[in-house]
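Undergrad: Let me give you the structure first, and then I'll get to my questions.
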Amino acid sequence: MYILGLATMGESAAALLKDGMLVAAVEEERFTRVKHEGCFPIRAIAFCLAQAGITLAEVDHVAVYWQPFRVGVRAKALLTTALTHPTAFAGKVSRVFEELSLAGGGQASSSQGSWAELFLVRRLLARHFGPSRAKVHYLDHHRCHMASAFFASPFDEATVMVFDGAGEEAATTLAVGSGTTLRVLKSIPWPHSLGHFYSAITGFLGFTMLDGEYKMMGLAPYGKPEYLPFIRRNLLVTDRPGSYRLNHALLDYHAALRGRFSPALRRIFGDPRQGDEAPFTERHQQLAASAQAAFEEVVFDLASWAFEEGGRRSHLALAGGCGLNCSANGRLLREGPFKQIYVPPAPHDAGCAVGATLLLYHETLGQPRRFTMTHAAYGPAYDDHAIGQTLRAAGLHMQPIADEETLLGKTVEVLTGGGVVGWFQGAMEFGPRALGSRSFLADPRRDRIRDTLNAKIKKRELFRPFAPSVKEEATADYFEVTQPSPFMNLALPVRQDKRAVIPAVTHIDGSARIQTVSRTDQPRYWRLLDRFERATGVPILLNTSFNIQEPIVCTPEQALATFNTSGVDALVIGNYFVERGGGTHKAMYGT
């Protein structure tokens, strides 16, 4: 049984499930090269089908990550929103019309099949991939998020949390998962949205909303939360445990998207910062710290309530775009009631392509669980033949290095010499984090390597931290952590006596966004870390995404182009080693 899962607007993506096992998952942006691509994921679908060696005609079900027709069903709620929050209403309706295609005859029916005929999905699939017998299912957005976390986790039972901008109606969902069932404890309706709160403050600080939230998270540790009492009393308010409300009179998300903020908010916070080029002040740092602290307080309260109301389940599965807030996730693990937390590699909307397949397979079709997502390498991969063709087309005539120890040794030699390596290996990662398939790597012991990466390669703000990749079995020696973190979604303290050892990956608050590397799931990357440890005594590398102000590279051509335009010292691509020297590239030949 094949199930094709689709995220069809912002962060569009596709995933393919075969008999309950994930075959492929990829974001459309990796092909179009447009960050946060929101077009219909034609290229991602084509990859998933090719990866399985099938055509669309062989797909049994298509699972779409939301139910846009529910806007018409909830007329009363929408009318209330239209009267009280008109800009939020306008934004919500515009999303629906992006998805709907009402051309074509016939009256709309309440049946799913008839609705499916009215939506763009079926028509676009037929146009690009031919006729199909697949049944199209439109699934609840937050249930897709829940499925992407719980059904992909190793947990038989768990507390489940989803918090993002908004689904069809809910902005936050608290639930419990058991086996193949998901039971909602509470939903907090849109427009009261933690995601919209965080994004609007991101815009106030001059970062691009829906893209720069991670920048605000990186800036937060530089300030003190001086505005926290005001925010909690007047802006992000908790009237009772397990709930919150957002004061839209002070902070309107959709107005913020257009750069407009209320006079009352300006009187408290001052004028908004005007774009990425404007300088940062202490006030900006205080506001970032305050917004992060307020966000963490609410998340902690929601999680604690769900833990108690859901029967004190000690594992937590967490998703939604806000699940990328690794600082809040780390606090939940350190201070919350949970023994272990699972956040998938793509907790944001792209991950709902995977979640939709799992939700349909388990909840709709009643099939048992078979799959646990322990790695994210579900994207395109390229063998030495394809890589060699790319290199030769660029005038680099070389042979792959046959012996892996030689390849790893050359790589470690560059790293220990203070160089930066472009590392392109195996299948591309699913989700926004580079996890050792498409990465820039450097020596974490060299504090000044951060300046080199920021100024010459990544071209990003100096306050943003870099992440460590660490051999899984050595994690506790360097970090205060009690569980694996393979997807880099937990920020946890670096041990006090190790902060001077790995300064390049230790943030100003002593934390690090950790990626633990399993020898089973990522054998070559683990062996590189092991080889680096043999040379230096440290089983850790600085790992940042292989890109420069664009989506992470996908193909060998993109990797070589980014290498050519960067200050990276060497490119390790499959079994090929390309070293920069004297303005040209030197080929390292194997035996």
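As shown in the structure tokens, the chain order sets the letters A, B, ...; within each chain, residues go from 1, and ligands are also counted from 1 in the order they appear.
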When DSSP is applied to the backbone of this structure, which of region 493-547 of chain A are assigned strand (DSSP E)? Write them out as a VMD selection string.

TA: chain A and resid 493 511 to 517 540 to 545

Undergrad: Those selected residues, please, written with N, CA and C atoms and delivered as a short mmCIF file (atom, residue, chain, number, x, y, z; two decimals), in the first residue's frame.

TA:
```cif
data_model
loop_
_atom_site.label_atom_id
_atom_site.label_comp_id
_atom_site.auth_asym_id
_atom_site.auth_seq_id
_atom_site.Cartn_x
_atom_site.Cartn_y
_atom_site.Cartn_z
N PRO A 493 22.56 22.58 28.23
CA PRO A 493 23.83 23.15 28.73
C PRO A 493 25.05 22.32 28.34
N SER A 511 24.81 27.21 26.46
CA SER A 511 24.03 26.12 25.87
C SER A 511 24.56 25.76 24.49
N ALA A 512 24.05 24.66 23.96
CA ALA A 512 24.37 24.25 22.59
C ALA A 512 23.18 23.48 22.03
N ARG A 513 22.92 23.68 20.74
CA ARG A 513 21.85 22.95 20.04
C ARG A 513 22.47 21.67 19.50
N ILE A 514 22.26 20.58 20.24
CA ILE A 514 23.04 19.35 20.07
C ILE A 514 22.45 18.45 18.99
N GLN A 515 23.35 17.87 18.19
CA GLN A 515 22.98 16.74 17.34
C GLN A 515 23.80 15.53 17.78
N THR A 516 23.12 14.51 18.24
CA THR A 516 23.81 13.26 18.58
C THR A 516 23.84 12.37 17.33
N VAL A 517 24.99 11.76 17.08
CA VAL A 517 25.20 11.00 15.85
C VAL A 517 25.33 9.52 16.19
N ILE A 540 33.64 15.76 18.61
CA ILE A 540 32.63 16.75 18.25
C ILE A 540 33.12 17.55 17.06
N LEU A 541 32.19 17.91 16.17
CA LEU A 541 32.48 18.86 15.10
C LEU A 541 31.44 19.97 15.10
N LEU A 542 31.86 21.16 14.74
CA LEU A 542 30.91 22.23 14.46
C LEU A 542 30.21 21.89 13.16
N ASN A 543 28.89 21.95 13.17
CA ASN A 543 28.07 21.57 12.01
C ASN A 543 27.08 22.69 11.71
N THR A 544 27.16 23.26 10.52
CA THR A 544 26.16 24.23 10.08
C THR A 544 25.74 23.88 8.66
N SER A 545 24.64 24.41 8.22
CA SER A 545 24.05 23.98 6.96
C SER A 545 24.89 24.39 5.76
#
```

Undergrad: Give the alpha helix (DSSP H) residues of region 247-396 of chain A, as assigned by DSSP on the backbone, as an MDAnalysis selection string.

TA: chainID A and resid 253:257 263:269 282:309 326:335 352:359 384:393

Undergrad: Considering only C-alpha atoms, return as an MDAnalysis selection string whatever protein or nucleic-acid residues lie within 10 Å of region 442-450 of chain A, sequence-local ones (same chain, fewer than 2 positions apart) excluded.

TA: chainID A and resid 412 414:422 439:440 452:456 458 462:469 499:506 532 536 538:544 568

Undergrad: Could you save those same residues with N, CA and C atoms as a tab-separated table (two decimals), in the first residue's frame?

TA:
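Wrote it out as again21.tsv, contents follow:
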```tsv
chain	number	residue	atom	x	y	z
A	412	VAL	N	40.01	15.28	8.13
A	412	VAL	CA	40.41	15.68	9.47
A	412	VAL	C	41.65	16.58	9.41
A	414	VAL	N	42.34	18.81	7.18
A	414	VAL	CA	41.87	20.17	6.88
A	414	VAL	C	41.22	20.79	8.12
A	415	LEU	N	40.40	20.01	8.81
A	415	LEU	CA	39.68	20.52	9.98
A	415	LEU	C	40.63	20.91	11.10
A	416	THR	N	41.58	20.05	11.43
A	416	THR	CA	42.51	20.35	12.53
A	416	THR	C	43.48	21.47	12.16
A	417	GLY	N	43.61	21.74	10.84
A	417	GLY	CA	44.44	22.86	10.41
A	417	GLY	C	43.70	24.19	10.41
A	418	GLY	N	42.46	24.19	10.89
A	418	GLY	CA	41.70	25.44	10.97
A	418	GLY	C	40.85	25.70	9.74
A	419	GLY	N	40.71	24.71	8.86
A	419	GLY	CA	39.91	24.89	7.65
A	419	GLY	C	38.45	24.53	7.84
A	420	VAL	N	37.67	24.90	6.84
A	420	VAL	CA	36.24	24.57	6.81
A	420	VAL	C	36.01	23.61	5.65
A	421	VAL	N	35.20	22.58	5.91
A	421	VAL	CA	34.94	21.52	4.92
A	421	VAL	C	33.47	21.53	4.53
A	422	GLY	N	33.21	21.48	3.23
A	422	GLY	CA	31.86	21.19	2.75
A	422	GLY	C	31.69	19.69	2.67
A	439	SER	N	26.41	19.51	5.01
A	439	SER	CA	26.89	20.35	6.10
A	439	SER	C	28.20	21.05	5.76
A	440	PHE	N	28.41	22.21	6.38
A	440	PHE	CA	29.74	22.79	6.53
A	440	PHE	C	30.25	22.34	7.90
A	452	THR	N	35.16	33.37	11.13
A	452	THR	CA	35.46	32.98	9.75
A	452	THR	C	34.20	32.51	9.03
A	453	LEU	N	33.44	31.66	9.70
A	453	LEU	CA	32.21	31.14	9.09
A	453	LEU	C	31.20	32.25	8.83
A	454	ASN	N	31.01	33.12	9.81
A	454	ASN	CA	30.01	34.18	9.67
A	454	ASN	C	30.39	35.20	8.61
A	455	ALA	N	31.64	35.61	8.61
A	455	ALA	CA	32.06	36.69	7.73
A	455	ALA	C	32.31	36.23	6.29
A	456	LYS	N	32.97	35.08	6.13
A	456	LYS	CA	33.43	34.68	4.81
A	456	LYS	C	32.53	33.67	4.11
A	458	LYS	N	29.04	31.97	5.69
A	458	LYS	CA	27.61	31.96	5.94
A	458	LYS	C	26.97	33.34	5.76
A	462	LEU	N	26.47	37.86	13.70
A	462	LEU	CA	27.52	37.32	14.58
A	462	LEU	C	26.95	36.72	15.86
A	463	PHE	N	25.73	37.13	16.27
A	463	PHE	CA	25.19	36.63	17.53
A	463	PHE	C	24.60	35.23	17.41
A	464	ARG	N	24.44	34.73	16.19
A	464	ARG	CA	23.80	33.42	16.02
A	464	ARG	C	24.79	32.29	16.31
A	465	PRO	N	24.38	31.31	17.10
A	465	PRO	CA	25.30	30.23	17.48
A	465	PRO	C	25.43	29.17	16.40
A	466	PHE	N	26.50	28.39	16.50
A	466	PHE	CA	26.68	27.20	15.67
A	466	PHE	C	26.47	25.96	16.53
A	467	ALA	N	26.07	24.88	15.86
A	467	ALA	CA	25.67	23.67	16.58
A	467	ALA	C	26.78	22.62	16.55
A	468	PRO	N	26.84	21.78	17.59
A	468	PRO	CA	27.78	20.66	17.60
A	468	PRO	C	27.14	19.35	17.17
A	469	SER	N	27.87	18.56	16.40
A	469	SER	CA	27.55	17.15	16.19
A	469	SER	C	28.49	16.34	17.07
A	499	ARG	N	33.23	23.90	28.38
A	499	ARG	CA	32.91	25.09	27.59
A	499	ARG	C	34.15	25.72	26.97
A	500	ALA	N	35.24	25.67	27.66
A	500	ALA	CA	36.49	26.20	27.10
A	500	ALA	C	37.10	25.26	26.09
A	501	VAL	N	36.68	24.00	26.12
A	501	VAL	CA	37.21	23.01	25.18
A	501	VAL	C	36.55	23.16	23.81
A	502	ILE	N	35.26	23.48	23.79
A	502	ILE	CA	34.51	23.60	22.53
A	502	ILE	C	33.82	24.98	22.46
A	503	PRO	N	34.58	26.06	22.50
A	503	PRO	CA	33.96	27.39	22.55
A	503	PRO	C	33.19	27.76	21.29
A	504	ALA	N	33.55	27.20	20.14
A	504	ALA	CA	32.91	27.60	18.89
A	504	ALA	C	31.46	27.13	18.80
A	505	VAL	N	31.06	26.16	19.64
A	505	VAL	CA	29.68	25.66	19.61
A	505	VAL	C	28.97	25.91	20.94
A	506	THR	N	29.56	26.72	21.80
A	506	THR	CA	28.95	27.06	23.08
A	506	THR	C	28.39	28.47	22.99
A	532	PHE	N	38.19	12.29	13.99
A	532	PHE	CA	38.55	13.59	14.57
A	532	PHE	C	38.90	13.44	16.05
A	536	THR	N	42.28	14.55	17.98
A	536	THR	CA	42.22	15.72	18.89
A	536	THR	C	41.78	15.39	20.30
A	538	VAL	N	38.65	15.07	20.98
A	538	VAL	CA	37.31	15.66	21.07
A	538	VAL	C	36.40	15.01	20.02
A	539	PRO	N	35.30	14.36	20.43
A	539	PRO	CA	34.42	13.63	19.50
A	539	PRO	C	33.32	14.51	18.91
A	540	ILE	N	33.64	15.76	18.61
A	540	ILE	CA	32.63	16.75	18.25
A	540	ILE	C	33.12	17.55	17.06
A	541	LEU	N	32.19	17.91	16.17
A	541	LEU	CA	32.48	18.86	15.10
A	541	LEU	C	31.44	19.97	15.10
A	542	LEU	N	31.86	21.16	14.74
A	542	LEU	CA	30.91	22.23	14.46
A	542	LEU	C	30.21	21.89	13.16
A	543	ASN	N	28.89	21.95	13.17
A	543	ASN	CA	28.07	21.57	12.01
A	543	ASN	C	27.08	22.69	11.71
A	544	THR	N	27.16	23.26	10.52
A	544	THR	CA	26.16	24.23	10.08
A	544	THR	C	25.74	23.88	8.66
A	568	VAL	N	35.20	28.16	1.64
A	568	VAL	CA	35.40	26.81	2.17
A	568	VAL	C	36.70	26.23	1.62
```

Undergrad: Could you work out how far CA of Glu296 (chain A) lies from CA of Leu205 (chain A), giving the answer in Å with one decimal?

TA: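 Taking CA of Leu205 (chain A) as the start and CA of Glu296 (chain A) as the end point, the length is 18.5 Å.
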
Undergrad: So that I can check the surroundings of Ala171 (chain A), please list as a list of chain:residue names every protein, DNA and RNA residue that reaches within 7 Å of it, counting only C-alpha atoms and ignoring chain neighbours fewer than 4 positions away.

TA: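 Residues near the query, excluding close chain neighbours: A:Phe163, A:Asp164, A:Gly165, A:Ala166, A:Gly167, A:Ile188, A:Pro189, A:Trp190, A:Pro191, A:His192, A:Ser193.
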
Undergrad: Keeping only N, CA and C atoms, write the selected residues to a file as a PDB file, in the first residue's frame.

TA:
```
ATOM      1  N   PHE A 163       1.834  23.228  18.658  1.00  0.00           N
ATOM      2  CA  PHE A 163       1.624  24.675  18.689  1.00  0.00           C
ATOM      3  C   PHE A 163       2.347  25.305  17.506  1.00  0.00           C
ATOM      4  N   ASP A 164       1.576  26.109  16.746  1.00  0.00           N
ATOM      5  CA  ASP A 164       2.092  26.703  15.523  1.00  0.00           C
ATOM      6  C   ASP A 164       1.364  28.021  15.273  1.00  0.00           C
ATOM      7  N   GLY A 165       1.350  28.476  14.005  1.00  0.00           N
ATOM      8  CA  GLY A 165       0.567  29.659  13.675  1.00  0.00           C
ATOM      9  C   GLY A 165      -0.914  29.360  13.830  1.00  0.00           C
ATOM     10  N   ALA A 166      -1.399  28.400  13.057  1.00  0.00           N
ATOM     11  CA  ALA A 166      -2.787  27.969  13.167  1.00  0.00           C
ATOM     12  C   ALA A 166      -3.037  26.806  12.237  1.00  0.00           C
ATOM     13  N   GLY A 167      -3.991  25.967  12.620  1.00  0.00           N
ATOM     14  CA  GLY A 167      -4.544  24.977  11.726  1.00  0.00           C
ATOM     15  C   GLY A 167      -5.833  25.518  11.145  1.00  0.00           C
ATOM     16  N   ILE A 188      -6.814  25.232  21.760  1.00  0.00           N
ATOM     17  CA  ILE A 188      -6.931  26.680  21.923  1.00  0.00           C
ATOM     18  C   ILE A 188      -7.119  27.272  20.536  1.00  0.00           C
ATOM     19  N   PRO A 189      -8.228  27.980  20.313  1.00  0.00           N
ATOM     20  CA  PRO A 189      -8.569  28.370  18.946  1.00  0.00           C
ATOM     21  C   PRO A 189      -7.727  29.536  18.425  1.00  0.00           C
ATOM     22  N   TRP A 190      -7.470  29.492  17.128  1.00  0.00           N
ATOM     23  CA  TRP A 190      -6.976  30.649  16.420  1.00  0.00           C
ATOM     24  C   TRP A 190      -8.028  31.756  16.545  1.00  0.00           C
ATOM     25  N   PRO A 191      -7.667  33.024  16.663  1.00  0.00           N
ATOM     26  CA  PRO A 191      -6.345  33.612  16.431  1.00  0.00           C
ATOM     27  C   PRO A 191      -5.448  33.745  17.661  1.00  0.00           C
ATOM     28  N   HIS A 192      -5.743  33.027  18.737  1.00  0.00           N
ATOM     29  CA  HIS A 192      -4.864  33.066  19.910  1.00  0.00           C
ATOM     30  C   HIS A 192      -3.721  32.073  19.670  1.00  0.00           C
ATOM     31  N   SER A 193      -2.618  32.583  19.141  1.00  0.00           N
ATOM     32  CA  SER A 193      -1.576  31.731  18.575  1.00  0.00           C
ATOM     33  C   SER A 193      -0.207  32.090  19.139  1.00  0.00           C
TER      34      SER A 193
END
```

Undergrad: Have a look at CA of Tyr227 (chain A) and CA of Leu490 (chain A) and let me know their distance in Å, one decimal.

TA: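 Those two atoms sit 25.2 Å apart.
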
Undergrad: Do a neighbour search on region 233-240 of chain A at 8 Å with only C-alpha atoms, toss out local chain neighbours closer than 3 positions, and write the hits as a ChimeraX atom specification.

TA: /A:197,229-230,243-248,250-251,294,298

Undergrad: For the selection just defined, write its residues with N, CA, C and O atoms to a file, as a PDB file, in the first residue's frame.

TA:
```
ATOM      1  N   PHE A 197       2.321  35.176  17.970  1.00  0.00           N
ATOM      2  CA  PHE A 197       2.986  36.048  18.946  1.00  0.00           C
ATOM      3  C   PHE A 197       4.478  36.113  18.669  1.00  0.00           C
ATOM      4  O   PHE A 197       5.066  37.200  18.553  1.00  0.00           O
ATOM      5  N   PRO A 229       7.278  41.036  32.522  1.00  0.00           N
ATOM      6  CA  PRO A 229       6.046  41.288  33.295  1.00  0.00           C
ATOM      7  C   PRO A 229       4.955  41.964  32.461  1.00  0.00           C
ATOM      8  O   PRO A 229       3.779  41.584  32.552  1.00  0.00           O
ATOM      9  N   PHE A 230       5.339  42.923  31.637  1.00  0.00           N
ATOM     10  CA  PHE A 230       4.337  43.592  30.799  1.00  0.00           C
ATOM     11  C   PHE A 230       3.718  42.613  29.807  1.00  0.00           C
ATOM     12  O   PHE A 230       2.492  42.591  29.626  1.00  0.00           O
ATOM     13  N   SER A 243      -3.974  27.185  29.511  1.00  0.00           N
ATOM     14  CA  SER A 243      -4.592  28.026  28.502  1.00  0.00           C
ATOM     15  C   SER A 243      -3.830  29.349  28.412  1.00  0.00           C
ATOM     16  O   SER A 243      -2.958  29.643  29.244  1.00  0.00           O
ATOM     17  N   TYR A 244      -4.145  30.133  27.389  1.00  0.00           N
ATOM     18  CA  TYR A 244      -3.578  31.468  27.237  1.00  0.00           C
ATOM     19  C   TYR A 244      -4.431  32.212  26.228  1.00  0.00           C
ATOM     20  O   TYR A 244      -5.238  31.628  25.497  1.00  0.00           O
ATOM     21  N   ARG A 245      -4.259  33.513  26.182  1.00  0.00           N
ATOM     22  CA  ARG A 245      -4.897  34.320  25.142  1.00  0.00           C
ATOM     23  C   ARG A 245      -3.933  35.420  24.717  1.00  0.00           C
ATOM     24  O   ARG A 245      -3.081  35.864  25.490  1.00  0.00           O
ATOM     25  N   LEU A 246      -4.094  35.833  23.482  1.00  0.00           N
ATOM     26  CA  LEU A 246      -3.240  36.858  22.890  1.00  0.00           C
ATOM     27  C   LEU A 246      -4.057  38.129  22.715  1.00  0.00           C
ATOM     28  O   LEU A 246      -5.170  38.097  22.179  1.00  0.00           O
ATOM     29  N   ASN A 247      -3.517  39.248  23.175  1.00  0.00           N
ATOM     30  CA  ASN A 247      -4.191  40.539  23.082  1.00  0.00           C
ATOM     31  C   ASN A 247      -3.920  41.135  21.705  1.00  0.00           C
ATOM     32  O   ASN A 247      -2.875  41.759  21.479  1.00  0.00           O
ATOM     33  N   HIS A 248      -4.877  40.978  20.785  1.00  0.00           N
ATOM     34  CA  HIS A 248      -4.675  41.427  19.414  1.00  0.00           C
ATOM     35  C   HIS A 248      -4.803  42.938  19.276  1.00  0.00           C
ATOM     36  O   HIS A 248      -4.367  43.498  18.267  1.00  0.00           O
ATOM     37  N   LEU A 250      -3.183  44.963  21.053  1.00  0.00           N
ATOM     38  CA  LEU A 250      -1.795  45.423  21.186  1.00  0.00           C
ATOM     39  C   LEU A 250      -0.904  44.894  20.079  1.00  0.00           C
ATOM     40  O   LEU A 250      -0.046  45.608  19.558  1.00  0.00           O
ATOM     41  N   LEU A 251      -1.078  43.624  19.703  1.00  0.00           N
ATOM     42  CA  LEU A 251      -0.185  42.992  18.743  1.00  0.00           C
ATOM     43  C   LEU A 251      -1.013  42.193  17.740  1.00  0.00           C
ATOM     44  O   LEU A 251      -1.547  41.137  18.061  1.00  0.00           O
ATOM     45  N   ALA A 294       8.651  34.713  27.783  1.00  0.00           N
ATOM     46  CA  ALA A 294       7.188  34.598  27.828  1.00  0.00           C
ATOM     47  C   ALA A 294       6.724  33.349  27.092  1.00  0.00           C
ATOM     48  O   ALA A 294       5.845  32.617  27.574  1.00  0.00           O
ATOM     49  N   VAL A 298       4.665  30.051  28.837  1.00  0.00           N
ATOM     50  CA  VAL A 298       3.376  29.528  28.384  1.00  0.00           C
ATOM     51  C   VAL A 298       3.511  28.067  27.959  1.00  0.00           C
ATOM     52  O   VAL A 298       2.677  27.227  28.305  1.00  0.00           O
TER      53      VAL A 298
END
```

Undergrad: Hey, can you check how far CA of Ala291 (chain A) sits from CA of Leu324 (chain A)?

TA: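 Computing it gives 15.4 Å between the two atoms.
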
Undergrad: A:Leu287, A:Val176, A:Met209, A:Leu333: which is nearest Phe307 (chain A), counting only C-alpha atoms?

TA: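 Distance minimum relative to Phe307 (chain A) lands on A:Val176.
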
Undergrad: Near Met9 (chain A), within 7 Å and counting only C-alpha atoms, which residues show up once chain neighbours fewer than 4 positions away are dropped, as a list in words?

TA: Gly38, Cys39 and Phe40 of chain A

Undergrad: Give me, as a list in words, all polymer residues having an atom no more than 12 Å from Pro263 (chain A), counting only C-alpha atoms and skipping those fewer than 3 positions away in the same chain.

TA: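 Skipping anything fewer than 3 positions along the chain leaves Ala249, Leu250, Leu251, Asp252, Arg260, Arg266, Arg267, Ile268, Phe269, Gly270, Asp271 and Pro272 of chain A.
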
Undergrad: With only C-alpha atoms as the basis for distance, which of A:Met1, A:Leu185, A:Leu257, A:Ala152 is at the shortest distance from Glu58 (chain A)?

TA: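 Smallest distance to Glu58 (chain A) is found for A:Met1.
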
Undergrad: Considering only C-alpha atoms, tabulate each residue of region 458-504 of chain A that lies at most 12 Å from region 547-558 of chain A along with its nearest interatomic pair and the corresponding distance in Å to one decimal; arrange the rows by chain and ascending residue number and present them as a tab-separated table.

TA:
```
residue	atom	partner	partner_atom	distance
A:Lys458	CA	A:Ile548	CA	5.2
A:Lys459	CA	A:Ile548	CA	7.0
A:Arg460	CA	A:Gln549	CA	8.3
A:Glu461	CA	A:Gln549	CA	11.7
```

Undergrad: Here is a test: counting only C-alpha atoms, which residue of A:Gln67, A:Arg534, A:Pro380, A:Val299 is nearest to Phe31 (chain A)?

TA: A:Pro380

Undergrad: Using only C-alpha atoms, find the one residue out of A:Thr482, A:Thr173, A:Ser148, A:Asn329 that sits nearest to Met373 (chain A).

TA: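 Using only C-alpha atoms, the shortest distance to Met373 (chain A) belongs to A:Ser148.
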